[in-house]
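Below: the structure, in structure tokens.
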Amino acid sequence: MNSVKTYQRLDTTKTSTWAADNIVSLIFVAFTIFGFIVSDGVTMNYFLTELSSRFFRNTFLVLSLIIPVVAGIGLNFGIVVGAMSAQIAIAFMRYFEFGGVLGLAFTFLLALPIAGLFGYFTGVLYNKTRGQEMIASLMVCYFANGLYQFLFLFVVGVIIKVPKTHPMIKPDGVGVRMTVDLVPVEDGGLKYALDKIYEIPFMWAILIVFACILLLQLWKIYRNKNNPALYRYNKTTVLINIILSIAMIAISIYSILTNSSLMMVRKVPVVTGLLIVALCIFNELILKTKLGQDFRSVGQSQHIAEVSGINVDKTRIIATIMSTVFASWGQIMYLQNMGTLNTYGAHTQIGMFSVAALLVGGASTQKAGVKHAIIGTLLFNSMFIMSPEVGISLFGNALLGEYFRTFMVYGVIGLALGLHVWRANKKGKITLN
Amino acid sequence: MVGIEEKGIKYKDIVKKIGFPTIFIGGFWILILIAGGFLGISIATLISDTIKRAGMNGILVLAMVPSIQSGTGPNFALPVGIECGLFALVCAIEFGFTGWAWLFASIAFAIPLAVIVGYFYGKLLNAVKGSEMTIATYTGFSVVAFMCLPWLMIPFKNKNMGWFIGKGLRETIQLDAIKGAQKLNDFLRFSLFGENGFITFGGEKGIIIPTGMLLMFFLCCVIVWLYFRSKSGIAISAGGINPMFAKSSGIDIDKCRIKANILSTIMGAIGIIVYSQGYGYAQLYTAPLNMAFPAVAAILIGGATASRAKVSHVIIGVIIYQGLFTSALPVANILFEGTDLSETLRMIIQNGIILYALTQVKGGDK
């Protein structure tokens, strides 16, 4: 220890951190690029269509994970509970054949109290399992799944009498069918009820998004010019962002004008996109309120927060309720896009995939933001689209790609969590020395 | 008045001594057995099935003892050991072993493999102190998902294991084909109250006792029990109870935790071999994914906590847990015809018990 000077040691850690911090993201970028190189079956159009529809389906769910991380609960696998609440609300709507845009709005409203109640219970449980929230949240998914099955397989039919002839109910009159068709919105159902409200071509969406990013960067520079002491910005990031957005704007204008093949990519649902943007803004703004500051201080140190007069238990419960409610809305958005309710399977993987996506974006158990969620969803879904293709082109076996995909999901969570804890433990040791 | 008060204290003491989960789940099992008796289900069959399933799962549950005692919590990464056992089992088939030779070869291959893997797994757990349970769960999941690739890619030649078309191993390998199914079960098997009076060797009626498998289970129990009475076993327990104290008494805690997890991985590997021969099939690919949770629930039902466990907890827990679900299935099928309630019940009870145990874990202070 003594042979190395302190500043030298700090210096080496500093240079190695960026790559080490983002190792998970880098693996995924490398994999996607590798996939494009080896597989010739994937066209840019197919890739972008898949990616954009998956992005609009999943991002809301991933965003719902951020608040618990800020509040120090860690990665809330319990968003599955929110997804179940959403499915209860949707099943209710489907049973009474209440659909369309209005029906969807009611589904959102109905999911709110259900998810709120279950979120409250989950929050109380997290307070009782302090320090082990993540494994508790994982177990709560399995436990709640049992209760959910009890409700849909047994209570519906045996305790609540339902007609055998209803298309949602199993032919013997007990329990809900494995898959329930949500009926297209044109026929008064919920399928695409949100997506079909207003759609624009993909390249127009790209143009608008990057124009907004460009304006945001200019706004940053403008504010800094007016008041250099108060508003600072990272020059390199802003520069990279500006160059990137100008390039993307140029590409999109070019393809709109020449009507190139990129215009064939599936249209983009505007309202879904706006809801995602709204949640992003909400997640950022809430940190500026009293409640958000409470989340932060509880996340930093529960002990200090308690001493400074914050009701720690209550704050943590509120964070869990918020996460659960957002997850239930996210699941409604997911299901209206899928068009069928896979009654006993649609919710089971949600927690795992969303957590993996957030981690791929560079988040950890203690630090997560909107940026991580967006980047993570894009990267994670790129890997998801590419891996069967890689399996086919490298080994002639799509199944292998799918097993590999599952491995990546679990591996990413394990690796990201493990690295984080390992680093935190090491840090603790250094300060002790 | 005094009498009532005394009674109240006594009742509380008894509950505390036996443990709330044990009483609750045990009582539930007895209730189901009574219901089964009234419904005309053969109690002898239920008990036979319970004994058989308890014997099959026993060693997997036993794998929890070393890891809990060493302070790393229940071994949620049991699939790591299970994959070692499955790999050894598949290799033994590939080398052409059959019958008893296959069984012993599998166990002989499994132990060194599990020692190596368990060593690295223990190292991993030492690096992530404080979040062992979460990391262990995902280590288990990742290993199962990863092993799907070798199952599909390693060019095994034995005809008993491959698909009829294409490459890779089958999802379930029939052990009948290599004369490995129920090898341990049938060793000295006898039945009580069967055809010819009290004891019939090789009988099919009455309460069937799979002697060989039970002997194997008890052998493992005795080994673990004895180990935790040896010097190195006591060091492991001490490190689990109070790491700071153990450290100051000169115990190398990290080494103890590695030792305990090696033992746990070995038990997982042997456990799955015993389980597979009893079941008659070896299940590969994603089948081991959720095998840790029933084992964790079983030992908790037996009276263990996330930080303390004994061999007696294993025996009691595995009998109650397996008994409950083997009896619940036929009873639920008759009571609620056309519904699959027993699986739902299993999910609720198994995971509810684990959650209950997690709420009892200390150390999560504000």
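Identifiers for the structure tokens are assigned positionally: chains receive A, B, ... in sequence, residues are indexed from 1 per chain, and ligands are indexed from 1 in the order shown.
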Write out as a Markdown table the residues of chain A that have any atom within 8 Å of an atom of chain B, one row each with the nearest atom pair and its distance in Å to one decimal, counting only C-alpha atoms, sorted by chain and then rising number.
```
| residue | atom | partner | partner_atom | distance |
| --- | --- | --- | --- | --- |
| A:Leu125 | CA | B:Thr359 | CA | 7.6 |
| A:Lys128 | CA | B:Thr359 | CA | 5.3 |
| A:Thr129 | CA | B:Thr359 | CA | 4.6 |
| A:Arg130 | CA | B:Gly364 | CA | 4.6 |
| A:Gly131 | CA | B:Gly364 | CA | 4.3 |
| A:Gln132 | CA | B:Gly364 | CA | 7.3 |
| A:Met134 | CA | B:Thr134 | CA | 6.4 |
| A:Ile135 | CA | B:Thr134 | CA | 5.1 |
| A:Ala136 | CA | B:Leu355 | CA | 6.3 |
| A:Met139 | CA | B:Asn351 | CA | 6.1 |
| A:Val140 | CA | B:Leu355 | CA | 7.2 |
| A:Tyr142 | CA | B:Asn351 | CA | 6.4 |
| A:Phe143 | CA | B:Asn351 | CA | 5.1 |
| A:Ala144 | CA | B:Ile348 | CA | 7.5 |
| A:Asn145 | CA | B:Met347 | CA | 7.7 |
| A:Gly146 | CA | B:Ile348 | CA | 5.0 |
| A:Leu147 | CA | B:Ile348 | CA | 6.5 |
| A:Gln149 | CA | B:Thr344 | CA | 6.3 |
| A:Phe150 | CA | B:Thr344 | CA | 6.2 |
| A:Leu153 | CA | B:Thr339 | CA | 7.0 |
| A:Phe154 | CA | B:Thr339 | CA | 7.0 |
| A:Val174 | CA | B:Thr339 | CA | 7.6 |
| A:Ser301 | CA | B:Lys366 | CA | 7.8 |
| A:Gln302 | CA | B:Lys366 | CA | 5.0 |
| A:His303 | CA | B:Lys366 | CA | 5.0 |
| A:Glu306 | CA | B:Lys366 | CA | 7.9 |
| A:Leu400 | CA | B:Leu149 | CA | 6.5 |
| A:Tyr403 | CA | B:Cys148 | CA | 6.3 |
| A:Phe404 | CA | B:Leu149 | CA | 7.0 |
| A:Thr406 | CA | B:Ala145 | CA | 6.1 |
| A:Phe407 | CA | B:Ala145 | CA | 4.6 |
| A:Met408 | CA | B:Ser142 | CA | 7.9 |
| A:Tyr410 | CA | B:Ser142 | CA | 5.0 |
| A:Gly411 | CA | B:Ser142 | CA | 5.1 |
| A:Ile413 | CA | B:Tyr138 | CA | 6.9 |
| A:Gly414 | CA | B:Tyr138 | CA | 5.0 |
| A:Leu417 | CA | B:Ile135 | CA | 6.9 |
| A:Gly418 | CA | B:Val128 | CA | 6.3 |
| A:Val421 | CA | B:Val128 | CA | 5.4 |
| A:Trp422 | CA | B:Val128 | CA | 5.1 |
| A:Asn425 | CA | B:Val128 | CA | 7.2 |
```
Selection: 9 Å around stretch 60-75 of chain A, only C-alpha atoms, excl. self and same-chain fewer than 5 positions, as an mmCIF file with C-alpha atoms, in the first residue's frame:
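Output (out_15.cif):
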```cif
data_model
loop_
_atom_site.group_PDB
_atom_site.id
_atom_site.type_symbol
_atom_site.label_atom_id
_atom_site.label_comp_id
_atom_site.auth_asym_id
_atom_site.auth_seq_id
_atom_site.Cartn_x
_atom_site.Cartn_y
_atom_site.Cartn_z
ATOM 1 C CA PHE A 55 -39.957 0.452 -27.242
ATOM 2 C CA TYR A 126 -40.701 -4.076 2.188
ATOM 3 C CA ARG A 130 -35.648 -4.054 5.352
ATOM 4 C CA GLY A 131 -32.254 -4.829 3.866
ATOM 5 C CA GLU A 133 -36.124 -5.895 -0.261
ATOM 6 C CA MET A 134 -34.946 -7.289 -3.571
ATOM 7 C CA SER A 137 -39.842 -8.382 -4.042
ATOM 8 C CA LEU A 275 -47.569 9.350 -22.022
ATOM 9 C CA ILE A 276 -44.016 7.995 -21.862
ATOM 10 C CA LEU A 279 -43.779 9.939 -17.047
ATOM 11 C CA CYS A 280 -40.169 10.893 -17.850
ATOM 12 C CA ASN A 283 -39.891 11.321 -12.679
ATOM 13 C CA GLY A 292 -38.827 13.768 -4.026
ATOM 14 C CA ASP A 294 -37.607 12.837 1.028
ATOM 15 C CA PHE A 295 -37.190 9.897 -1.366
ATOM 16 C CA ARG A 296 -33.603 10.957 -1.916
ATOM 17 C CA SER A 297 -32.681 11.378 1.712
ATOM 18 C CA VAL A 298 -34.323 8.061 2.647
ATOM 19 C CA GLY A 299 -32.378 6.462 -0.210
ATOM 20 C CA GLN A 300 -29.113 7.976 1.015
ATOM 21 C CA SER A 301 -29.465 6.964 4.645
ATOM 22 C CA GLN A 302 -32.608 5.850 6.405
ATOM 23 C CA THR A 315 -42.032 7.587 2.392
ATOM 24 C CA ARG A 316 -40.998 4.098 1.346
ATOM 25 C CA ALA A 319 -42.588 5.154 -3.354
ATOM 26 C CA THR A 320 -43.791 1.553 -3.669
ATOM 27 C CA MET A 322 -46.274 5.012 -7.059
ATOM 28 C CA SER A 323 -44.141 2.350 -8.683
ATOM 29 C CA THR A 324 -46.964 -0.198 -8.565
ATOM 30 C CA VAL A 325 -49.541 2.196 -10.012
ATOM 31 C CA PHE A 326 -47.241 3.259 -12.866
ATOM 32 C CA ALA A 327 -46.443 -0.378 -13.544
ATOM 33 C CA SER A 328 -50.143 -1.179 -13.799
ATOM 34 C CA TRP A 329 -50.621 1.619 -16.334
ATOM 35 C CA GLY A 330 -47.557 0.412 -18.181
ATOM 36 C CA GLN A 331 -49.033 -3.069 -18.333
ATOM 37 C CA MET A 333 -50.299 0.062 -22.475
ATOM 38 C CA TYR A 334 -48.408 -3.162 -23.090
ATOM 39 C CA ILE A 350 -42.436 -8.308 -16.795
ATOM 40 C CA GLY A 351 -40.424 -7.699 -13.626
ATOM 41 C CA PHE A 353 -37.284 -7.998 -18.277
ATOM 42 C CA SER A 354 -37.881 -4.466 -17.030
ATOM 43 C CA VAL A 355 -35.196 -4.757 -14.359
ATOM 44 C CA ALA A 357 -33.524 -3.364 -19.299
ATOM 45 C CA LEU A 358 -32.934 -0.719 -16.646
ATOM 46 C CA SER A 364 -27.596 0.243 -10.408
ATOM 47 C CA THR A 365 -29.471 -0.577 -7.219
ATOM 48 C CA GLN A 366 -28.823 2.933 -5.944
ATOM 49 C CA LYS A 367 -28.741 5.109 -9.016
ATOM 50 C CA ALA A 368 -31.311 5.171 -11.806
ATOM 51 C CA GLY A 369 -32.681 7.857 -14.040
ATOM 52 C CA VAL A 370 -34.807 8.434 -17.105
ATOM 53 C CA ALA A 373 -34.451 3.590 -18.685
ATOM 54 C CA ILE A 374 -34.599 4.885 -22.281
ATOM 55 C CA GLY A 376 -31.657 0.407 -21.513
ATOM 56 C CA THR A 377 -34.980 -0.334 -23.199
#
```
Using DSSP on the backbone coordinates, identify the residues of stretch 1-201 of chain A assigned to helix (DSSP H, G or I); present them as a ChimeraX atom specification.
/A:6-21,23-38,44-63,66-70,79-95,100-128,133-159,185-187,195-197
Could you pull out all residues of stretch 66-235 of chain A with a DSSP call of strand (DSSP E) and give them as a ChimeraX atom specification?
/A:179-181,199-200
I'd like the contact shell of stretch 32-48 of chain A - 9 Å cut-off, only C-alpha atoms, skipping same-chain residues fewer than 4 positions apart - returned as a ChimeraX atom specification.
/A:27-28,52-53,261-266,379,382-383,385-387,389-390,392-394
Write out as a ChimeraX atom specification each polymer residue whose atoms come within 10 Å of B:Glu83, counting only C-alpha atoms; drop sequence neighbours fewer than 5 positions from it.
/B:78,88-89,110,114,140,143-144,147,265,268-269,272,284-285,288-289
Measure the distance from atom CA of A:Tyr233 to atom CA of A:Ile375 in Å and round it to one decimal.
20.5 Å
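Note that atom CA of B:Gly36 and atom CA of B:Ala328 are 8.5 Å apart.
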